[in-house]
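Engineer: query.cif is the file, holding mmCIF, N, CA and C atoms and all ligand atoms:
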```
data_model
#
loop_
_atom_site.label_atom_id
_atom_site.label_comp_id
_atom_site.auth_asym_id
_atom_site.auth_seq_id
_atom_site.Cartn_x
_atom_site.Cartn_y
_atom_site.Cartn_z
N MET A 1 15.95 11.40 0.53
CA MET A 1 14.78 10.86 -0.15
C MET A 1 13.78 11.99 -0.42
N THR A 2 13.60 12.30 -1.68
CA THR A 2 12.72 13.43 -2.03
C THR A 2 11.36 12.93 -2.47
N TYR A 3 10.32 13.50 -1.86
CA TYR A 3 8.95 13.13 -2.22
C TYR A 3 8.50 13.94 -3.42
N ASP A 4 7.97 13.25 -4.45
CA ASP A 4 7.47 13.91 -5.65
C ASP A 4 5.96 14.15 -5.51
N ASN A 5 5.59 15.41 -5.37
CA ASN A 5 4.17 15.75 -5.18
C ASN A 5 3.29 15.42 -6.38
N GLU A 6 3.91 15.09 -7.50
CA GLU A 6 3.14 14.76 -8.70
C GLU A 6 2.96 13.26 -8.90
N ASN A 7 3.38 12.44 -7.91
CA ASN A 7 3.16 11.00 -8.08
C ASN A 7 1.65 10.71 -8.05
N ILE A 8 1.28 9.58 -8.63
CA ILE A 8 -0.14 9.29 -8.88
C ILE A 8 -0.96 9.20 -7.58
N PHE A 9 -0.36 8.71 -6.51
CA PHE A 9 -1.12 8.58 -5.27
C PHE A 9 -1.30 9.95 -4.59
N ALA A 10 -0.35 10.85 -4.79
CA ALA A 10 -0.52 12.22 -4.30
C ALA A 10 -1.71 12.87 -5.01
N LYS A 11 -1.85 12.57 -6.30
CA LYS A 11 -2.97 13.12 -7.06
C LYS A 11 -4.29 12.53 -6.59
N ILE A 12 -4.28 11.23 -6.25
CA ILE A 12 -5.49 10.61 -5.71
C ILE A 12 -5.85 11.27 -4.37
N LEU A 13 -4.85 11.49 -3.52
CA LEU A 13 -5.10 12.11 -2.21
C LEU A 13 -5.65 13.52 -2.36
N ARG A 14 -5.22 14.23 -3.38
CA ARG A 14 -5.71 15.60 -3.59
C ARG A 14 -7.06 15.60 -4.32
N GLY A 15 -7.54 14.43 -4.72
CA GLY A 15 -8.82 14.33 -5.44
C GLY A 15 -8.72 14.72 -6.90
N GLU A 16 -7.50 14.78 -7.42
CA GLU A 16 -7.31 15.18 -8.83
C GLU A 16 -7.61 14.04 -9.79
N ILE A 17 -7.42 12.81 -9.33
CA ILE A 17 -7.87 11.66 -10.11
C ILE A 17 -8.66 10.74 -9.18
N PRO A 18 -9.64 10.03 -9.76
CA PRO A 18 -10.53 9.23 -8.91
C PRO A 18 -9.88 7.93 -8.43
N CYS A 19 -10.50 7.36 -7.41
CA CYS A 19 -10.10 6.02 -6.97
C CYS A 19 -11.34 5.32 -6.45
N ASP A 20 -11.25 4.01 -6.40
CA ASP A 20 -12.35 3.19 -5.85
C ASP A 20 -12.07 3.00 -4.36
N LYS A 21 -12.50 3.98 -3.58
CA LYS A 21 -12.15 4.02 -2.15
C LYS A 21 -12.88 2.94 -1.37
N VAL A 22 -12.16 2.28 -0.48
CA VAL A 22 -12.80 1.29 0.40
C VAL A 22 -12.71 1.68 1.87
N TYR A 23 -11.84 2.62 2.20
CA TYR A 23 -11.66 2.97 3.62
C TYR A 23 -10.92 4.31 3.71
N GLU A 24 -11.27 5.08 4.73
CA GLU A 24 -10.53 6.31 4.99
C GLU A 24 -10.51 6.58 6.48
N SER A 25 -9.37 7.01 6.97
CA SER A 25 -9.24 7.42 8.38
C SER A 25 -8.53 8.77 8.39
N ASP A 26 -8.19 9.24 9.58
CA ASP A 26 -7.51 10.54 9.67
C ASP A 26 -6.20 10.57 8.88
N HIS A 27 -5.49 9.45 8.90
CA HIS A 27 -4.14 9.45 8.32
C HIS A 27 -3.93 8.40 7.24
N ALA A 28 -4.99 7.71 6.83
CA ALA A 28 -4.81 6.65 5.83
C ALA A 28 -5.98 6.62 4.86
N LEU A 29 -5.71 6.10 3.67
CA LEU A 29 -6.72 5.93 2.63
C LEU A 29 -6.49 4.56 2.00
N ALA A 30 -7.56 3.86 1.68
CA ALA A 30 -7.43 2.56 1.00
C ALA A 30 -8.34 2.55 -0.21
N PHE A 31 -7.83 2.00 -1.30
CA PHE A 31 -8.61 1.96 -2.56
C PHE A 31 -8.15 0.75 -3.36
N ARG A 32 -9.01 0.32 -4.29
CA ARG A 32 -8.69 -0.87 -5.09
C ARG A 32 -7.59 -0.57 -6.11
N ASP A 33 -6.70 -1.54 -6.26
CA ASP A 33 -5.62 -1.42 -7.24
C ASP A 33 -6.22 -1.42 -8.64
N ILE A 34 -5.69 -0.57 -9.50
CA ILE A 34 -6.23 -0.43 -10.86
C ILE A 34 -5.87 -1.64 -11.74
N GLN A 35 -4.84 -2.37 -11.34
CA GLN A 35 -4.42 -3.57 -12.07
C GLN A 35 -4.37 -4.75 -11.10
N PRO A 36 -5.55 -5.25 -10.69
CA PRO A 36 -5.56 -6.26 -9.63
C PRO A 36 -4.85 -7.55 -10.04
N LEU A 37 -4.05 -8.05 -9.11
CA LEU A 37 -3.32 -9.30 -9.33
C LEU A 37 -4.07 -10.48 -8.74
N THR A 38 -5.02 -10.19 -7.88
CA THR A 38 -5.81 -11.23 -7.20
C THR A 38 -7.25 -10.73 -7.15
N PRO A 39 -8.22 -11.64 -6.85
CA PRO A 39 -9.63 -11.20 -6.81
C PRO A 39 -9.85 -10.01 -5.87
N VAL A 40 -9.13 -9.98 -4.78
CA VAL A 40 -9.14 -8.82 -3.88
C VAL A 40 -7.74 -8.22 -3.90
N HIS A 41 -7.64 -6.96 -4.31
CA HIS A 41 -6.32 -6.29 -4.34
C HIS A 41 -6.55 -4.82 -4.00
N VAL A 42 -6.21 -4.48 -2.78
CA VAL A 42 -6.44 -3.13 -2.27
C VAL A 42 -5.11 -2.53 -1.82
N LEU A 43 -4.97 -1.24 -2.01
CA LEU A 43 -3.77 -0.52 -1.57
C LEU A 43 -4.14 0.36 -0.39
N VAL A 44 -3.32 0.32 0.64
CA VAL A 44 -3.49 1.20 1.80
C VAL A 44 -2.32 2.17 1.81
N ILE A 45 -2.63 3.46 1.86
CA ILE A 45 -1.56 4.47 1.84
C ILE A 45 -1.74 5.45 3.01
N PRO A 46 -0.63 5.96 3.51
CA PRO A 46 -0.75 7.05 4.49
C PRO A 46 -1.10 8.34 3.74
N LYS A 47 -1.80 9.24 4.41
CA LYS A 47 -2.13 10.53 3.77
C LYS A 47 -0.92 11.46 3.72
N GLY A 48 0.02 11.22 4.60
CA GLY A 48 1.23 12.05 4.62
C GLY A 48 2.13 11.73 3.44
N ALA A 49 3.06 12.65 3.18
CA ALA A 49 3.95 12.54 2.03
C ALA A 49 5.18 11.70 2.38
N TYR A 50 5.05 10.38 2.26
CA TYR A 50 6.15 9.47 2.57
C TYR A 50 6.43 8.60 1.36
N VAL A 51 7.69 8.53 0.99
CA VAL A 51 8.08 7.80 -0.22
C VAL A 51 7.90 6.30 -0.06
N ASN A 52 8.36 5.79 1.08
CA ASN A 52 8.32 4.33 1.28
C ASN A 52 8.41 4.03 2.78
N MET A 53 8.56 2.75 3.12
CA MET A 53 8.56 2.35 4.52
C MET A 53 9.76 2.94 5.27
N ASP A 54 10.87 3.07 4.58
CA ASP A 54 12.05 3.65 5.22
C ASP A 54 11.77 5.09 5.65
N ASP A 55 11.20 5.84 4.74
CA ASP A 55 10.83 7.24 4.99
C ASP A 55 9.78 7.32 6.11
N PHE A 56 8.74 6.54 5.96
CA PHE A 56 7.60 6.57 6.90
C PHE A 56 8.05 6.17 8.32
N SER A 57 8.83 5.10 8.40
CA SER A 57 9.21 4.58 9.72
C SER A 57 10.14 5.54 10.46
N GLN A 58 10.81 6.42 9.72
CA GLN A 58 11.70 7.39 10.36
C GLN A 58 11.00 8.70 10.70
N LYS A 59 10.06 9.14 9.84
CA LYS A 59 9.55 10.50 9.96
C LYS A 59 8.11 10.62 10.46
N ALA A 60 7.33 9.55 10.34
CA ALA A 60 5.91 9.65 10.71
C ALA A 60 5.75 9.78 12.23
N SER A 61 4.68 10.45 12.62
CA SER A 61 4.37 10.57 14.05
C SER A 61 3.82 9.24 14.57
N GLU A 62 3.81 9.12 15.91
CA GLU A 62 3.26 7.90 16.52
C GLU A 62 1.80 7.72 16.08
N GLU A 63 1.08 8.83 15.99
CA GLU A 63 -0.34 8.76 15.60
C GLU A 63 -0.49 8.25 14.17
N GLU A 64 0.35 8.76 13.28
CA GLU A 64 0.29 8.30 11.89
C GLU A 64 0.67 6.82 11.78
N LEU A 65 1.71 6.43 12.50
CA LEU A 65 2.14 5.03 12.46
C LEU A 65 1.04 4.11 12.93
N ALA A 66 0.43 4.46 14.07
CA ALA A 66 -0.62 3.62 14.63
C ALA A 66 -1.84 3.58 13.71
N ASP A 67 -2.22 4.73 13.21
CA ASP A 67 -3.39 4.82 12.34
C ASP A 67 -3.19 3.96 11.09
N PHE A 68 -1.99 3.99 10.53
CA PHE A 68 -1.73 3.25 9.29
C PHE A 68 -1.79 1.75 9.53
N VAL A 69 -1.14 1.30 10.58
CA VAL A 69 -1.16 -0.15 10.87
C VAL A 69 -2.58 -0.61 11.17
N ARG A 70 -3.30 0.19 11.93
CA ARG A 70 -4.70 -0.18 12.23
C ARG A 70 -5.54 -0.16 10.96
N ALA A 71 -5.25 0.76 10.05
CA ALA A 71 -5.99 0.82 8.79
C ALA A 71 -5.82 -0.47 8.00
N VAL A 72 -4.60 -0.97 7.92
CA VAL A 72 -4.35 -2.22 7.17
C VAL A 72 -5.20 -3.35 7.75
N GLY A 73 -5.18 -3.48 9.06
CA GLY A 73 -5.98 -4.54 9.70
C GLY A 73 -7.47 -4.35 9.50
N GLN A 74 -7.92 -3.11 9.62
CA GLN A 74 -9.35 -2.82 9.48
C GLN A 74 -9.83 -3.09 8.06
N VAL A 75 -9.03 -2.70 7.08
CA VAL A 75 -9.41 -2.92 5.68
C VAL A 75 -9.53 -4.42 5.41
N ALA A 76 -8.59 -5.20 5.90
CA ALA A 76 -8.66 -6.66 5.69
C ALA A 76 -9.94 -7.21 6.31
N ARG A 77 -10.28 -6.73 7.50
CA ARG A 77 -11.53 -7.20 8.13
C ARG A 77 -12.73 -6.75 7.31
N ASP A 78 -12.75 -5.50 6.88
CA ASP A 78 -13.87 -4.98 6.08
C ASP A 78 -14.04 -5.77 4.78
N LEU A 79 -12.93 -6.21 4.20
CA LEU A 79 -12.98 -6.95 2.95
C LEU A 79 -13.39 -8.41 3.16
N GLY A 80 -13.40 -8.83 4.41
CA GLY A 80 -13.84 -10.19 4.73
C GLY A 80 -12.83 -11.26 4.38
N VAL A 81 -11.54 -10.91 4.42
CA VAL A 81 -10.53 -11.86 3.98
C VAL A 81 -9.70 -12.46 5.12
N VAL A 82 -10.04 -12.10 6.35
CA VAL A 82 -9.20 -12.52 7.47
C VAL A 82 -9.25 -14.05 7.64
N GLU A 83 -10.44 -14.60 7.57
CA GLU A 83 -10.56 -16.04 7.84
C GLU A 83 -9.81 -16.87 6.81
N ALA A 84 -10.00 -16.56 5.54
CA ALA A 84 -9.34 -17.33 4.48
C ALA A 84 -7.85 -17.00 4.38
N GLY A 85 -7.51 -15.79 4.73
CA GLY A 85 -6.11 -15.37 4.70
C GLY A 85 -5.83 -14.31 3.64
N TYR A 86 -4.81 -13.55 3.90
CA TYR A 86 -4.42 -12.50 2.95
C TYR A 86 -2.93 -12.23 3.08
N ARG A 87 -2.39 -11.52 2.11
CA ARG A 87 -0.96 -11.19 2.13
C ARG A 87 -0.81 -9.68 2.05
N THR A 88 0.11 -9.14 2.83
CA THR A 88 0.45 -7.72 2.72
C THR A 88 1.86 -7.61 2.16
N ILE A 89 2.01 -6.72 1.19
CA ILE A 89 3.32 -6.48 0.57
C ILE A 89 3.53 -4.97 0.46
N ALA A 90 4.71 -4.52 0.83
CA ALA A 90 5.10 -3.13 0.57
C ALA A 90 6.41 -3.17 -0.19
N ASN A 91 6.37 -2.79 -1.45
CA ASN A 91 7.59 -2.74 -2.25
C ASN A 91 8.32 -1.43 -1.96
N ASN A 92 9.60 -1.54 -1.68
CA ASN A 92 10.41 -0.38 -1.32
C ASN A 92 11.67 -0.34 -2.18
N GLY A 93 11.74 0.65 -3.05
CA GLY A 93 12.96 0.85 -3.81
C GLY A 93 13.09 -0.02 -5.05
N ALA A 94 14.26 0.10 -5.67
CA ALA A 94 14.47 -0.46 -7.02
C ALA A 94 14.42 -1.98 -7.05
N ASP A 95 15.11 -2.65 -6.13
CA ASP A 95 15.12 -4.11 -6.18
C ASP A 95 13.73 -4.70 -5.97
N ALA A 96 12.88 -3.98 -5.27
CA ALA A 96 11.51 -4.44 -5.02
C ALA A 96 10.55 -3.99 -6.12
N HIS A 97 11.08 -3.25 -7.11
CA HIS A 97 10.26 -2.76 -8.23
C HIS A 97 9.12 -1.86 -7.76
N GLN A 98 9.38 -0.99 -6.80
CA GLN A 98 8.38 -0.01 -6.39
C GLN A 98 8.12 0.93 -7.55
N GLU A 99 6.87 0.97 -8.01
CA GLU A 99 6.52 1.79 -9.18
C GLU A 99 6.04 3.18 -8.78
N VAL A 100 5.25 3.23 -7.72
CA VAL A 100 4.69 4.51 -7.28
C VAL A 100 5.43 4.95 -6.02
N GLN A 101 5.98 6.14 -6.07
CA GLN A 101 6.88 6.59 -5.00
C GLN A 101 6.11 7.29 -3.87
N HIS A 102 5.07 6.64 -3.41
CA HIS A 102 4.33 7.03 -2.20
C HIS A 102 4.03 5.71 -1.50
N LEU A 103 4.41 5.62 -0.23
CA LEU A 103 4.25 4.35 0.49
C LEU A 103 2.87 3.74 0.29
N HIS A 104 2.84 2.47 -0.01
CA HIS A 104 1.56 1.75 -0.10
C HIS A 104 1.78 0.31 0.30
N VAL A 105 0.79 -0.21 1.02
CA VAL A 105 0.77 -1.63 1.36
C VAL A 105 -0.30 -2.28 0.50
N HIS A 106 0.10 -3.32 -0.23
CA HIS A 106 -0.87 -4.10 -1.01
C HIS A 106 -1.53 -5.10 -0.07
N ILE A 107 -2.85 -5.21 -0.15
CA ILE A 107 -3.56 -6.32 0.49
C ILE A 107 -4.05 -7.22 -0.64
N LEU A 108 -3.52 -8.43 -0.66
CA LEU A 108 -3.82 -9.39 -1.72
C LEU A 108 -4.58 -10.56 -1.11
N ALA A 109 -5.69 -10.94 -1.74
CA ALA A 109 -6.51 -12.01 -1.17
C ALA A 109 -7.51 -12.49 -2.21
N GLY A 110 -8.30 -13.50 -1.81
CA GLY A 110 -9.39 -13.97 -2.66
C GLY A 110 -9.09 -15.26 -3.38
N ARG A 111 -7.87 -15.77 -3.23
CA ARG A 111 -7.51 -17.08 -3.78
C ARG A 111 -6.26 -17.56 -3.05
N ASP A 112 -5.91 -18.83 -3.29
CA ASP A 112 -4.65 -19.34 -2.75
C ASP A 112 -3.51 -18.54 -3.40
N LEU A 113 -2.68 -17.92 -2.58
CA LEU A 113 -1.65 -17.02 -3.08
C LEU A 113 -0.31 -17.73 -3.34
N GLY A 114 -0.25 -19.02 -3.09
CA GLY A 114 0.99 -19.75 -3.35
C GLY A 114 2.06 -19.38 -2.35
N GLY A 115 3.26 -19.86 -2.63
CA GLY A 115 4.40 -19.57 -1.74
C GLY A 115 4.73 -18.09 -1.76
N MET A 116 5.49 -17.65 -0.79
CA MET A 116 5.72 -16.22 -0.63
C MET A 116 6.46 -15.60 -1.81
N ILE A 117 7.55 -16.26 -2.24
CA ILE A 117 8.40 -15.68 -3.28
C ILE A 117 9.22 -16.82 -3.89
N GLN A 118 9.57 -16.68 -5.16
CA GLN A 118 10.37 -17.73 -5.80
C GLN A 118 11.80 -17.70 -5.28
N ARG A 119 12.38 -18.88 -5.10
CA ARG A 119 13.79 -18.93 -4.72
C ARG A 119 14.65 -18.48 -5.88
N PHE A 120 15.79 -17.93 -5.53
CA PHE A 120 16.76 -17.65 -6.59
C PHE A 120 17.18 -18.97 -7.21
N LYS A 121 17.45 -18.95 -8.50
CA LYS A 121 17.79 -20.19 -9.21
C LYS A 121 19.07 -20.82 -8.67
N ASP A 122 19.98 -20.00 -8.14
CA ASP A 122 21.27 -20.55 -7.70
C ASP A 122 21.25 -20.97 -6.23
N GLN A 123 20.07 -20.97 -5.62
CA GLN A 123 20.02 -21.43 -4.21
C GLN A 123 19.62 -22.89 -4.13
P1 LIG B 201 4.23 -0.99 -6.65
O1 LIG B 201 4.93 -1.80 -7.72
O2 LIG B 201 4.29 -1.71 -5.32
O3 LIG B 201 4.72 0.43 -6.59
O4 LIG B 201 2.70 -0.99 -7.04
C1 LIG B 201 2.01 0.10 -7.57
C2 LIG B 201 0.57 -0.32 -7.77
O5 LIG B 201 -0.20 0.84 -7.99
C3 LIG B 201 0.33 -1.26 -8.95
O6 LIG B 201 -0.20 -2.50 -8.46
C4 LIG B 201 -0.71 -0.54 -9.81
C5 LIG B 201 -1.24 0.52 -8.87
N1 LIG B 201 -1.63 1.76 -9.52
C6 LIG B 201 -0.85 2.51 -10.35
N2 LIG B 201 -1.52 3.60 -10.76
C7 LIG B 201 -2.74 3.54 -10.17
C8 LIG B 201 -3.89 4.38 -10.20
O7 LIG B 201 -3.93 5.42 -10.85
N3 LIG B 201 -4.97 4.00 -9.46
C9 LIG B 201 -4.95 2.84 -8.72
N4 LIG B 201 -6.06 2.55 -8.04
N5 LIG B 201 -3.89 2.03 -8.66
C10 LIG B 201 -2.80 2.37 -9.38
#
```
Using the file provided, produce a representation of the structure as structure tokens.

Structural biologist:
Amino acid sequence: MTYDNENIFAKILRGEIPCDKVYESDHALAFRDIQPLTPVHVLVIPKGAYVNMDDFSQKASEEELADFVRAVGQVARDLGVVEAGYRTIANNGADAHQEVQHLHVHILAGRDLGGMIQRFKDQ
């Protein structure tokens, strides 16, 4: 799994393109999605160069892993969405339609999000 240093989130991390930042820690950054699907749509990314959850879960240090998971929880609390509820999604690879090849967790909230995923038609 090769990390592309020119992916859009790497550029955000380097400050080459702007983002609407909502949270930053030693190992994580959170910012609003540029194409929000819900009233609240924030992306949480590790600062390290990890393509996806498979990459991150194998190579990240314990400190990075802990910081990232805590960041997701903290951002949800900061956004005020814990009581009403929120959804976290991390798309990994082709079948999941991962568009940006730097690990990111979507935090989706602000309305009823419906069922988790549509059933396959043949089920
Ligand atoms: P995914 O399909 O899980 O890889 O989602 C990628 C998300 O990244 C998508 O919801 C749109 C968002 N996105 C793409 N480019 C930018 C950008 O330049 N800035 C921000 N804030 N979000 C972006």

Engineer: Kindly provide the residues of chain A that approach ligand LIG 201 (chain B) to within 8 Å, each paired with its closest atom pair and their distance in Å to one decimal, based on all atoms listed in the file, listed by chain and increasing number, as a Markdown table.

Structural biologist:
```
| residue | atom | partner | partner_atom | distance |
| --- | --- | --- | --- | --- |
| A:Ile8 | CA | B:LIG201 | O7 | 5.8 |
| A:Phe9 | N | B:LIG201 | O7 | 6.5 |
| A:Ile12 | N | B:LIG201 | O7 | 7.4 |
| A:Ile17 | C | B:LIG201 | O7 | 7.3 |
| A:Pro18 | C | B:LIG201 | N3 | 6.4 |
| A:Cys19 | CA | B:LIG201 | N4 | 5.4 |
| A:Asp20 | N | B:LIG201 | N4 | 5.6 |
| A:Lys21 | N | B:LIG201 | N4 | 8.0 |
| A:Phe31 | C | B:LIG201 | N4 | 5.4 |
| A:Arg32 | C | B:LIG201 | N4 | 4.0 |
| A:Asp33 | C | B:LIG201 | N4 | 4.0 |
| A:Ile34 | N | B:LIG201 | N5 | 3.3 |
| A:Gln35 | N | B:LIG201 | C4 | 4.8 |
| A:Pro36 | N | B:LIG201 | O6 | 6.4 |
| A:Leu37 | N | B:LIG201 | O6 | 6.8 |
| A:Leu43 | N | B:LIG201 | N4 | 7.2 |
| A:Ile89 | C | B:LIG201 | O2 | 6.7 |
| A:Ala90 | C | B:LIG201 | O2 | 5.7 |
| A:Asn91 | N | B:LIG201 | O2 | 4.5 |
| A:Asn92 | N | B:LIG201 | O2 | 6.4 |
| A:Gly93 | N | B:LIG201 | O3 | 7.9 |
| A:Ala96 | C | B:LIG201 | O1 | 6.2 |
| A:His97 | C | B:LIG201 | O1 | 4.2 |
| A:Gln98 | C | B:LIG201 | O3 | 3.6 |
| A:Glu99 | N | B:LIG201 | O3 | 2.6 |
| A:Val100 | N | B:LIG201 | O3 | 3.1 |
| A:Gln101 | N | B:LIG201 | O3 | 5.9 |
| A:His102 | N | B:LIG201 | O3 | 7.0 |
| A:Leu103 | C | B:LIG201 | O3 | 7.9 |
| A:His104 | C | B:LIG201 | O2 | 6.5 |
| A:Val105 | N | B:LIG201 | O2 | 7.4 |
| A:His106 | N | B:LIG201 | O2 | 6.8 |
```

Engineer: Find the spatial neighbours of region 65-68 of chain A, counting all atoms listed in the file, within a cut-off of 7 Å - ignore same-chain residues fewer than 3 positions away - and output them as a list in words.

Structural biologist: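 So, after excluding close chain neighbours, the residues are His27, Ala28, Ile45, Pro46, Ala60, Ser61, Glu62, Ala71, Val72 and Gly73 of chain A.
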
Engineer: One number please: atom N of Ala76 (chain A) to atom C of Thr38 (chain A), in Å, one decimal.

Structural biologist: 14.2 Å

Engineer: Ranking A:Arg111, A:Met1, A:Asn7, A:Arg70 by minimum distance to Gln58 (chain A) and counting only C-alpha atoms, which one comes first?

Structural biologist: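 Answer, going by the shortest atom-to-atom distance: A:Met1.
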
Engineer: Write down as a ChimeraX atom specification the residues of region 29-106 of chain A whose backbone DSSP state falls under alpha helix (DSSP H).

Structural biologist: /A:53-59,62-79
